[in-house]
Amino acid sequence: MSARVLVVDDVLPNVKLLEAKLSREYFDVVTAFSGPEALETAHAVLPDIILLDVMMPGMDGFEVCRRLKADAATCHIPVVMVTALSDASDRVRGLEAGADDFLTKPVNDVALFARVRSLARLKMMMDEWRRREHTSGELGVIVDRAVEGAESPDAARILVVEDSPTDQGRITETLEGDSHRLDCVRSVAEGLERARDGYDLIVVSLTLMDEDGLRLCSGLRSEDSTRQVPVLLLADEEDLERTAKGLELGANDYLVKPIDRNELLARVRTQVRRKRYQDRLRSNYEQSLSMALTDSLTGLFNRRYLAAHMSRLLARIEETRRPVAAILFDIDHFKQVNDTYGHAAGDKVLKELADRVSRNLRNFDMVARYGGEEFVIVMPDAGLEAAVMVAERLRQRIADEPFAVDGAPAPLSITISLGVAWTEDMTMTADEVLRRADVALYAAKEAGRDRVSTWDDDTGEGPRAASAAPG
């Protein structure tokens, strides 16, 4: 995935080296050469992540980080400090200032790219929750606006998966002394089973004697009940490749053994505070919108929310330079279902369709019921190719699995037709994008239904067929 990275260092060769490495991996890089310039640039471009040198004249990296985290406009941007300092006390000082991680010079490429991608994914997800909360506020239904950094990290429930008695004892003594509640297990199977009970943080050792802690990371991220729980890895210093793999699998942070008590406490507090902030955002969002902005039958967003949310995404194109895609689809011959089996059967089809579609989207995509049997998917940061791929996957998965409804002698074969449109034009309105998707949907129906058509924005020639069912 790509992201906008702000590189801050007062030494030009250091900036150029990081810029070259990140640009080769297709990151969008902006630069600053002092603390004040970093603060100004962060406000101007709102990067996805900041790589911040510590040892700078005048305003050092610690002070820059504190100011970034104290400012409502920049407090949500992840900060990674890049420094020649390697003492645990320096890392703790940076974490207490609000930094998300440290990279030691000379920077290892594997660690650099793994950390940037991991934190960029986290920010993208949190940005989506913040946008949804902001949309709720605009519509006058917000319950209690969450403030990042205001959540308490105290009395967290923490699961520790570690089979070393020495390390387990050190972790227990440190965290229980900070008022946290701990459960300790020694195996991957036990860890996955206990994790379903609900925790604020899961600490996973990558140095288990007979098992692979990465298997647990993968298992945690594959289950709905544990997908959002932060994971802190414990790793040996020489095990960088597996640590990077853990971040790629969805771990949130890591700590290098031997365990430093103060650094452990600082990293735990950061992850618990962030988890509770995310929980507050999600709770506010669910409470505020459940009645005002959702469709009572399917539980999806309604047309009112769709319009507000999509307009905000389009307005952000000037800032992000990233496209927005919309997929408009409806059920083929849906009237026949209602006429033949009754409206209760039709309602069941609509609810099951909504559930299937929701399960097959990215967690920051949005699906809304547009009206009747019509639905809209809004995909931030997605161009035509990605949107068509999603649309075709949905078409196939709906067609391949018949719908069981009461009163029908056999499960019903249901198909959908889809129209795809996208834009990088910040002046385009939500209505214009949806009109293009609607024209493309009409073309799919005219071409025989059960297919995907797109609005060809590159040629300006209007809709064209992108795919169709076999035969």
# chains A, B, ... in the order shown; residues from 1 in each chain; ligands from 1
>>> select_by_dssp(residues="stretch 180-249 of chain A", states="helix (DSSP H, G or I)", output="PyMOL selection string")
chain A and resi 188-195+213-222+240-249
>>> residues_around(residues="stretch 2-8 of chain A", least_positions_apart="6", cutoff="10 Å", atoms="only C-alpha atoms", output="PyMOL selection string")
chain A and resi 14-16+18-19+22-23+25-35+37-39+41-42+45-54+56+61+79-82+116-117+119-121+123-124+320+381
>>> select_by_dssp(residues="stretch 223-417 of chain A", states="strand (DSSP E)", output="ChimeraX atom specification")
/A:231-235,253-256,324-331,366-371,374-380,416-417
>>> closest_residue(among="A:Thr270, A:Asn252, A:Gln168, A:Thr423", to="A:Ala99", atoms="only C-alpha atoms")
A:Thr270
>>> residues_around(residues="stretch 409-412 of chain A", least_positions_apart="6", cutoff="10 Å", atoms="only C-alpha atoms", output="number ranges by chain")
A: 337, 349, 399, 401-403
>>> residues_around(residues="stretch 433-443 of chain A", least_positions_apart="3", cutoff="7 Å", atoms="only C-alpha atoms", output="JSON, numbers by chain")
{"A": [326, 327, 328, 329, 417, 418, 419, 420, 421, 422, 429, 430, 446, 447, 453, 454, 455, 463]}
>>> residues_around(residues="stretch 104-112 of chain A", least_positions_apart="3", cutoff="8 Å", atoms="only C-alpha atoms", output="tab-separated table (two decimals) with C-alpha atoms, in the first residue's frame")
chain	number	residue	atom	x	y	z
A	21	LYS	CA	14.40	4.27	-0.28
A	82	VAL	CA	14.86	7.91	13.64
A	83	THR	CA	17.95	8.23	15.80
A	84	ALA	CA	21.44	7.04	16.61
A	85	LEU	CA	20.36	6.80	20.26
A	86	SER	CA	19.85	3.21	21.33
A	115	ARG	CA	6.84	-0.13	10.22
A	116	VAL	CA	5.72	2.46	7.68
A	240	LEU	CA	14.08	-8.76	12.49
A	241	GLU	CA	12.62	-10.65	9.52
A	244	ALA	CA	8.58	-7.44	10.15
